[in-house]
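The structure under discussion appears below in the form of structure tokens.
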Amino acid sequence: MSGPLLVVEGLTTEFPTRAGIVRAVREVSFHVEAGEILGLVGESGSGKSVTGFSILGLIDPPGRITGGSVRLAGCELVGLPARDLRAMRGREIAMVFQDPAATLNPVLRIGDQMALAIHAHETVSAAAARARVAEVLTLVGIPDAARRLDAYPHQFSGGMRQRVAIATALLNRPKLIICDEPTTALDVSVQAQILTEMRALARDTGTALIWISHDLATVSSLASRIIVMYAGRVIEEGPIRQVLSAPGHPYARGLLDSLPAKAVAGKDLMQIPGAPPSMLALPPGCAFAPRCLRADGACDAEPAPTVAGDRRWRCHHPHAEPTS
Amino acid sequence: MSPAIVEVRNVSRRFAPTPSIGERIAGLFGAYVENRTVHAVDRVSLDIAPGEVLGLVGESGCGKSTLGRVIAGIHPPSDGEAFIHGEPVMGGSRRRVKTTTRVQMIFQDPFGSLDPRFRIGATIAEGPIAHGLIRRAEARAEVARWLSAVGLPADAADRFPHQFSGGQRQRIAIARALAMQPDILVCDEPVASLDVSIQAQIINLFLKLRRELNLTMLFISHDLGVIRHICDRVAIMYLGRIVELGRTEDIYTRPAHHYTRALLDSVPKLVTTGDDLVSFRPISGELPSPLAPPPGCHFHLRCPAADARCRSEAPDLRDLADGRRAACHHPLIDDRT
Amino acid sequence: MLGFIIQRLLQAVVVMMIISVLVFCGVYAVGNPIDVLISPDATQQIREEAIRTYGLDQPLWKQYLDFVGRLVQGDFGRSFVFGSPVLPLILSRLPATLELTLVAVVGATLVGVPLGMYAGYKPDSLAARAIMGISILGFSVPTFWIGLVLIFIFAVQFGILPAGSRGETRELFGISWSVLTANGWQHLFLPALNLALFKFAMMVRLARAGTREIMLTDTVKFARAAGESEATILRRHVLRLIAIPIVTVFGLEFGSTLAFAVVTETIFSWPGVGKLIIDSINTLDRPVMVAYLMLVAFFFILVNLTIDIVYVALDPRLRLRAAS
Amino acid sequence: MIAGPVAQFWSEFRVNRVAVVALAIVATIVVLSLVAPWITPQNPYDMAGLRLADARRPPGFVSPRTGITHWLGTDGQGRDVLSAILYGLRVSIEIGLSAGIIAFSLGVTLGTFAAYLGGRIEALIMRFIDLQLSFPAILLALVLAAVLGQGKWQLVAALVTAQYAYFARTAHGAAATERSKDYVEAALSTPLKPHVVVLRHILPNCMPPLIVVATVQVANSIALEATLSFLGLGLPVSEPSLGMLIANGFQYLLSGRYWISIYPGIALIVLIASINLVGDQVRDQLNPRLRR
């Protein structure tokens, strides 16, 4: 197969609220290669999670995708009939959520609720489904899986529950898994275990991952490419090492520089002034301009994406000039 | 070193739901009654010197928040005592209540820690007025002073919490604590629920307040990077016990306890160059349930250096070289020479 | 689990004791107890005999113990109006009430829960609004008035259904049932509908509220992301989760429906316990009132005990707590 | 003045048109019943003013004796049904509100007291409340009404006994939830005196769920009062409430004289349904789990 696995173009998702329309995702474009791990970074409200849900068509009404396209292996997902979209979910693209305590159904046995995900796509016997569930649970590092199929979620630790969620996503061998902050609710020691296993799983099964996170360090140890979002837009995209060592957009750079790891202990951190804008009252032009030290009159106009080789950013005054 | 402001002496805090009458009767008939006592904090002692920032680090369920709440006078200790300037934090003997205003607390969730029905000014002035630190007539000026100390305009006093962002609310919570003019501030994960770019602002605020007011703080966090940045000394907790205590830089560069090293290793670092993505190493095994911690050293099930002694005998926190203390039979640095 | 059941049984015994004290005080504190125990037109000789027989010359605590002793033996005294022992009298009326109540509550649940789930699933649809409108009405219309309206419409205006009494019955297990004959059903329909309307409204609201909340949770989103169909989600996830509050309310409401049957039975001349108690209140037939109260209390405790156990069976999280 | 919680609440409430209309209806009914003595053509409680010859007349009947147009007809004693409805609403609202307010004060005091004391006393109080809640309110009210006898205050006492427990449980639950929140811990660790924390911080924040329960319970009180009156256990016959009007009309219903029962019933339903609609909107608005 040629071409990228997933191509997102001009994706826009809106939520009408009483106070006005919130455009949570604004003309977002990116692609994911088969088997690749793409990091999607941003703060809360940047639209990173909504982007993930938009790809799967899981926007709760009255929110809806108002523009753009999402193509998986050439097949357009936006505007696909509900039936066809449902058939894609879990089978072609799966998703893992942030809080495993909230995602698993507390009153269903682990084996039974995972089997529902298999039966959603295939007609197989209950025994065959159970066997497959046990197999995948073993794959994600749950010891003695066959005996724990009848356990309820509350009998598992947080890390184990997240493994169950990951196993559920893997059940139908999807080509792409969208991971929405899957380790944020976990302790560092458990996070390290899950990260290690996810990386191995993605490599061994050839599954591509979109890893949504607010934590640059985590993404830097996992992804090969990175997208940075701010106020609903992709403001920077590129190979991870290049972006992290020489960020182009002032926001990406500010984010990196504000990390304690980048400063001398006890000295003030570099800080981005101000707070992210309300999505109901976005400034005209570049949404970051009010907090940006480099902003001038030009920033009142929306910057067009600048493309330089593998890298892309939306800024009138980037830190690095495009080099080819 | 000047005498400590805070002395924690052998403090334990247990949470034990009392068994119901039915359970007791079932127990009489020989039915198995599970022990549900959680030793959230287990015989912990530590000191905090004036002007010092002590970091308290550990994973969820290690008891760091409970210890902070004992020091702040929210939970009375089950055993032992926490002292501020030599006075117990909790007064009274049978029904223990906090009487001192010398210790104040800042909470993790800036959305839950402010009364939604109180204007900001009322929230900040309430404590000082109740304790006669200021007169009602002085309240406005006092509130304005503390608001400006935390970087907020004076007119914020007339507004309600819902009109502020998370970072601003955390500033208000800090102003409220400072207005009581405490000797020590207990900060329980004060930046954990804030966005990265806002985190840096609040950390800088703490640094500034520390410089200007010579604040003493107990800073509780699970974020090793934040702790390293603002703490002078660090205490590492695991399943209710302090396993290591020492100067920040020493601990981060040369951990003495195997858990400390494993914890430091498991944090992903920011990798900006090279192709080697392995910036972290997970700790093997699961965190044991605090309901049934393993005997001996609580970490022995996951520790590469564990032997028979670790499985049976709980190590005490003892002095090692360079003023370091660790609770380990086989520490990674030399014993005191 | 054993401890849990022992706990509940102990509570039940304590509750029965408290109620017996209250009822005892109610009967003996209000008015001259001898008037309560024997007919007012008895001769002086009979009165004195009765005082001795019932031990009214004894101290109060001893009287209470005797009272409880008689209750345990099933001796509730004699009715003034009917002159017969109270317990058999009530027991003979009980099946009619139980039949009416069961039909009403089960019917309300079977119709109300699916409609409520639909209203919660599509809260903005026209059908959902209609369902909620009916439910608000059912919640607000006093039972007695709707009973009148039902009689006016079906019995008076159209004359298609009878306005009262039980109709033909057939014996099963030594008890007569209306549900076993067509004519019985005709007679049962209006009173059952009358009694069910409030319960129906309640079930609709409960199911709607539960469904609305659950549809917004990550559990449902996660199931959708795995490609499970909406029908599966509603049947397997939502229904299981809302079953917990519904069972509780079902049990509690079964009790209160027994009480509300008082109204319905009065209007439709349904020969159940409710009619009996209203008559006995109006004629101050106190032994019947006492017996009825004790019986209802006993019934209630039984129902609550059952709910507690079913609850634990439905919610595995509680099993953990109850297990110790 | 900067928008406080109340202004914010109203701006959200306003969006639901149905609820706003319902609120307006409740307000109108309350006002109408208050001014009833001045706007009704007849005082229905003045037995001397009733003409038996005008009894059971259909809607629109104009009495040749009094010259009054009976828009909703007359009842079995010649009362103007419309006047009787307005006076009846007055009684219903008075009793519903009195019972609601007393039950509210009693229940909230008990519930917060229990939450404040904690320990065994809390367990004891709440056990008792649970016990009472598991017992049907109507039965309780029925027996009490029978034991206490007829009269306005006896009726209110019966209603209060049947309903205070709902307030107590809600107040206790809300207080327990609020108590575990950080702002209460912050106030306690300042430290402020526990009773100050309860009165200034916990209690005001418990109000939203209590307001919801209050609307439902006032509606329930009104319905329960009508039911008791219907069963002949409510108010004296000389001052008929809506329930009694309906009960009195029951005997004429079978002969097709629907208006004596049906119109008071409709008035009752409109009132109760409107209160419930307002309560529903308030409940939805305050449910944190429906917010995104």
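Residue numbering restarts at 1 in every chain; chains get A, B, ... in the order shown in the structure tokens, and ligands count up from 1 in that same order.
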Practice prompt. Kindly provide, as number ranges by chain, the residues of chain A having any atom no farther than 12 Å from an atom of chain D, counting only C-alpha atoms.
Written response: A: 15, 17-19, 60-63
Worksheet item: Could you name the residues that touch Glu87 (chain B) at 10 Å or less, counting only C-alpha atoms, but leaving out those on the same chain fewer than 4 positions away, as a VMD selection string?
Response: chain B and resid 5 to 7 81 to 83 91 100
Practice prompt. Write down as an MDAnalysis selection string the residues of region 33-245 of chain B whose backbone DSSP state falls under alpha helix (DSSP H).
Written response: chainID B and resid 64:71 120:130 139:149 166:179 196:213 224:230
Worksheet item: Which chain A residues are at most 10 Å from chain B (counting only C-alpha atoms), as a ChimeraX atom specification?
Response: /A:42-45,157,159-160,186-196,214-224,240-246,251,254-276
Worksheet entry | Residue list for chain C near chain A as a PyMOL selection string, 10 Å, only C-alpha atoms | chain C and resi 215-230+232-233+236-238+240-241+244+313-317+320
Output as CSV one row per residue of chain B within 7 Å of chain D: the closest atom pair and its distance in Å to one decimal place, counting only C-alpha atoms, sorted by chain and residue number ascending.
```
residue,atom,partner,partner_atom,distance
B:Ala72,CA,D:Ser189,CA,6.9
B:Gly73,CA,D:Ser189,CA,6.2
B:Ile74,CA,D:Ser189,CA,5.7
B:Lys98,CA,D:Pro191,CA,6.4
B:Thr99,CA,D:Pro191,CA,6.6
B:Thr101,CA,D:Thr190,CA,6.2
B:Gln104,CA,D:Thr190,CA,6.4
B:Met105,CA,D:Ala186,CA,7.0
B:Phe107,CA,D:Asp182,CA,6.9
B:Gly112,CA,D:Asp182,CA,5.4
B:Ser113,CA,D:Tyr183,CA,3.9
B:Leu114,CA,D:Tyr183,CA,4.9
B:Asp115,CA,D:Tyr183,CA,5.6
B:Arg117,CA,D:Pro5,CA,6.8
B:Gly127,CA,D:Thr190,CA,6.2
B:Arg159,CA,D:Ile2,CA,6.4
B:Phe160,CA,D:Gly4,CA,6.8
```
Worksheet entry | Residues of chain C within 9 Å of chain D, counting only C-alpha atoms, as a ChimeraX atom specification | /C:15,26,30,136-137,139-146,148-149,151-152,155-157,212-213,216-217,252-253,255-260,262-263,266,278,281-282,284,289,293,296-297,300-301,304
N, CA and C atoms of the current selection, written as a compact mmCIF listing (two decimals), in the first residue's frame:
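Result file is part38.txt:
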```
# COMPACT_ATOMS: atom_id res chain seq x y z
N VAL C 15 -35.90 -3.19 64.24
CA VAL C 15 -36.95 -2.37 63.66
C VAL C 15 -38.33 -2.87 64.06
N GLY C 26 -49.26 3.85 70.50
CA GLY C 26 -50.33 4.45 69.72
C GLY C 26 -51.68 3.95 70.19
N VAL C 30 -53.56 6.43 73.30
CA VAL C 30 -54.69 7.20 72.80
C VAL C 30 -55.98 6.53 73.24
N ILE C 136 -44.45 13.61 33.72
CA ILE C 136 -44.69 14.73 34.64
C ILE C 136 -46.15 14.74 35.08
N LEU C 137 -47.02 14.47 34.12
CA LEU C 137 -48.44 14.44 34.42
C LEU C 137 -48.74 13.32 35.41
N PHE C 139 -46.85 12.05 37.44
CA PHE C 139 -46.23 12.35 38.72
C PHE C 139 -47.07 13.36 39.50
N SER C 140 -47.77 14.20 38.74
CA SER C 140 -48.46 15.32 39.39
C SER C 140 -49.93 15.04 39.67
N VAL C 141 -50.53 14.15 38.87
CA VAL C 141 -51.96 13.93 39.04
C VAL C 141 -52.19 13.07 40.26
N PRO C 142 -52.97 13.52 41.22
CA PRO C 142 -53.24 12.68 42.38
C PRO C 142 -53.96 11.41 41.96
N THR C 143 -53.56 10.31 42.58
CA THR C 143 -54.09 9.00 42.21
C THR C 143 -55.62 8.96 42.25
N PHE C 144 -56.19 9.57 43.29
CA PHE C 144 -57.64 9.46 43.43
C PHE C 144 -58.37 10.16 42.30
N TRP C 145 -57.80 11.27 41.84
CA TRP C 145 -58.48 12.02 40.78
C TRP C 145 -58.45 11.26 39.47
N ILE C 146 -57.27 10.70 39.16
CA ILE C 146 -57.16 9.98 37.90
C ILE C 146 -58.08 8.75 37.95
N LEU C 148 -61.01 8.70 39.38
CA LEU C 148 -62.33 9.23 39.03
C LEU C 148 -62.45 9.42 37.52
N VAL C 149 -61.41 10.01 36.93
CA VAL C 149 -61.46 10.29 35.50
C VAL C 149 -61.56 8.98 34.71
N ILE C 151 -62.85 6.16 35.69
CA ILE C 151 -64.22 5.65 35.83
C ILE C 151 -65.18 6.45 34.94
N PHE C 152 -65.01 7.78 34.97
CA PHE C 152 -65.89 8.64 34.18
C PHE C 152 -65.79 8.29 32.70
N ALA C 155 -66.09 3.81 32.29
CA ALA C 155 -67.29 3.17 32.81
C ALA C 155 -68.55 3.99 32.51
N VAL C 156 -68.46 5.32 32.72
CA VAL C 156 -69.66 6.12 32.56
C VAL C 156 -69.91 6.49 31.10
N GLN C 157 -68.89 7.13 30.46
CA GLN C 157 -69.11 7.63 29.10
C GLN C 157 -69.21 6.51 28.09
N ARG C 212 -29.41 9.05 30.87
CA ARG C 212 -28.76 10.30 30.44
C ARG C 212 -27.37 10.44 31.02
N GLU C 213 -27.25 10.12 32.30
CA GLU C 213 -25.95 10.24 32.93
C GLU C 213 -24.97 9.23 32.37
N LEU C 216 -23.29 9.74 28.95
CA LEU C 216 -22.21 10.72 28.87
C LEU C 216 -20.90 10.20 29.46
N THR C 217 -20.93 8.99 30.03
CA THR C 217 -19.72 8.51 30.69
C THR C 217 -18.73 7.94 29.68
N LEU C 252 -38.79 -0.44 47.16
CA LEU C 252 -39.40 0.57 48.03
C LEU C 252 -40.80 0.91 47.55
N GLU C 253 -40.93 1.04 46.23
CA GLU C 253 -42.22 1.45 45.68
C GLU C 253 -43.25 0.36 45.78
N GLY C 255 -43.64 -1.42 48.29
CA GLY C 255 -44.21 -1.15 49.61
C GLY C 255 -45.18 0.01 49.58
N SER C 256 -44.74 1.13 48.99
CA SER C 256 -45.61 2.31 49.04
C SER C 256 -46.82 2.11 48.14
N THR C 257 -46.71 1.23 47.14
CA THR C 257 -47.87 0.95 46.30
C THR C 257 -48.92 0.20 47.10
N LEU C 258 -48.45 -0.70 47.95
CA LEU C 258 -49.37 -1.38 48.86
C LEU C 258 -50.18 -0.36 49.64
N ALA C 259 -49.47 0.71 50.08
CA ALA C 259 -50.14 1.73 50.85
C ALA C 259 -51.09 2.54 49.97
N PHE C 260 -50.63 2.87 48.77
CA PHE C 260 -51.46 3.68 47.87
C PHE C 260 -52.68 2.92 47.40
N VAL C 262 -54.73 1.76 49.08
CA VAL C 262 -55.82 2.26 49.92
C VAL C 262 -56.75 3.14 49.10
N VAL C 263 -56.14 4.09 48.38
CA VAL C 263 -56.92 5.03 47.60
C VAL C 263 -57.64 4.33 46.45
N THR C 266 -60.45 2.09 47.46
CA THR C 266 -61.62 2.84 47.89
C THR C 266 -62.46 3.25 46.68
N ILE C 278 -59.23 1.48 55.44
CA ILE C 278 -59.96 2.74 55.41
C ILE C 278 -61.28 2.61 56.16
N ILE C 281 -60.49 2.61 59.80
CA ILE C 281 -60.15 3.94 60.30
C ILE C 281 -61.43 4.73 60.53
N ASN C 282 -62.31 4.64 59.55
CA ASN C 282 -63.56 5.40 59.68
C ASN C 282 -64.44 4.90 60.81
N LEU C 284 -63.12 3.39 63.48
CA LEU C 284 -62.22 3.29 64.63
C LEU C 284 -62.08 1.84 65.10
N MET C 289 -56.52 -1.86 62.69
CA MET C 289 -55.45 -0.91 62.35
C MET C 289 -54.10 -1.40 62.86
N LEU C 293 -50.93 -2.37 60.50
CA LEU C 293 -49.64 -1.66 60.60
C LEU C 293 -48.50 -2.64 60.85
N VAL C 296 -47.88 -4.60 57.64
CA VAL C 296 -47.21 -3.81 56.61
C VAL C 296 -45.73 -3.62 56.97
N ALA C 297 -45.49 -3.33 58.27
CA ALA C 297 -44.11 -3.15 58.70
C ALA C 297 -43.30 -4.42 58.43
N PHE C 300 -42.60 -4.76 54.83
CA PHE C 300 -41.59 -3.79 54.41
C PHE C 300 -40.20 -4.27 54.71
N ILE C 301 -40.04 -4.78 55.92
CA ILE C 301 -38.71 -5.23 56.33
C ILE C 301 -38.27 -6.39 55.45
N ASN C 304 -37.23 -4.93 52.12
CA ASN C 304 -35.93 -4.25 52.22
C ASN C 304 -34.78 -5.23 52.32
```
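The list of residues with at least one atom within 6 Å of Asp79 (chain B), based on only C-alpha atoms and without residues fewer than 2 positions apart in the same chain, reads B:Val11, B:Ser12, B:Pro77.
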Worksheet item: Hey, can you check how far CA of Gly147 (chain C) sits from CA of Arg93 (chain C)?
Response: 21.1 Å
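A straight line drawn from CA of Met237 (chain B) to CA of Asp183 (chain B) is 24.0 Å long.
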Worksheet entry | For region 281-283 of chain A: contacts at 12 Å, only C-alpha atoms, fewer than 2 positions along chain excluded, given as JSON, numbers by chain | {"A": [19, 20, 21, 22, 23, 24, 26, 230, 231, 232, 233, 276, 277, 278, 279, 285, 286, 287, 288, 289, 290, 291, 299, 300, 301, 302]}
How would the residues just chosen look if you wrote them out with C-alpha atoms as an mmCIF file, in the first residue's frame?
```cif
data_model
loop_
_atom_site.group_PDB
_atom_site.id
_atom_site.type_symbol
_atom_site.label_atom_id
_atom_site.label_comp_id
_atom_site.auth_asym_id
_atom_site.auth_seq_id
_atom_site.Cartn_x
_atom_site.Cartn_y
_atom_site.Cartn_z
ATOM 1 C CA ALA A 19 -22.624 31.423 25.116
ATOM 2 C CA GLY A 20 -21.770 30.836 21.462
ATOM 3 C CA ILE A 21 -20.117 28.322 19.167
ATOM 4 C CA VAL A 22 -16.913 26.745 20.447
ATOM 5 C CA ARG A 23 -14.659 25.701 17.602
ATOM 6 C CA ALA A 24 -12.646 23.163 19.546
ATOM 7 C CA ARG A 26 -9.910 24.379 13.748
ATOM 8 C CA TYR A 230 -2.858 25.430 20.686
ATOM 9 C CA ALA A 231 -6.407 26.807 20.837
ATOM 10 C CA GLY A 232 -7.727 24.218 18.398
ATOM 11 C CA ARG A 233 -4.992 24.577 15.770
ATOM 12 C CA PRO A 276 -4.809 30.208 27.218
ATOM 13 C CA PRO A 277 -7.655 32.184 25.589
ATOM 14 C CA SER A 278 -11.289 31.306 26.102
ATOM 15 C CA MET A 279 -12.460 29.272 23.113
ATOM 16 C CA GLY A 285 -5.334 36.195 13.915
ATOM 17 C CA CYS A 286 -2.818 34.119 15.809
ATOM 18 C CA ALA A 287 -4.452 32.882 19.024
ATOM 19 C CA PHE A 288 -1.116 32.860 20.826
ATOM 20 C CA ALA A 289 -0.237 36.466 19.984
ATOM 21 C CA PRO A 290 -1.502 37.999 23.286
ATOM 22 C CA ARG A 291 0.961 35.812 25.219
ATOM 23 C CA CYS A 299 0.004 38.633 14.064
ATOM 24 C CA ASP A 300 -3.487 40.145 13.797
ATOM 25 C CA ALA A 301 -3.779 38.089 10.659
ATOM 26 C CA GLU A 302 -4.013 34.324 10.824
#
```
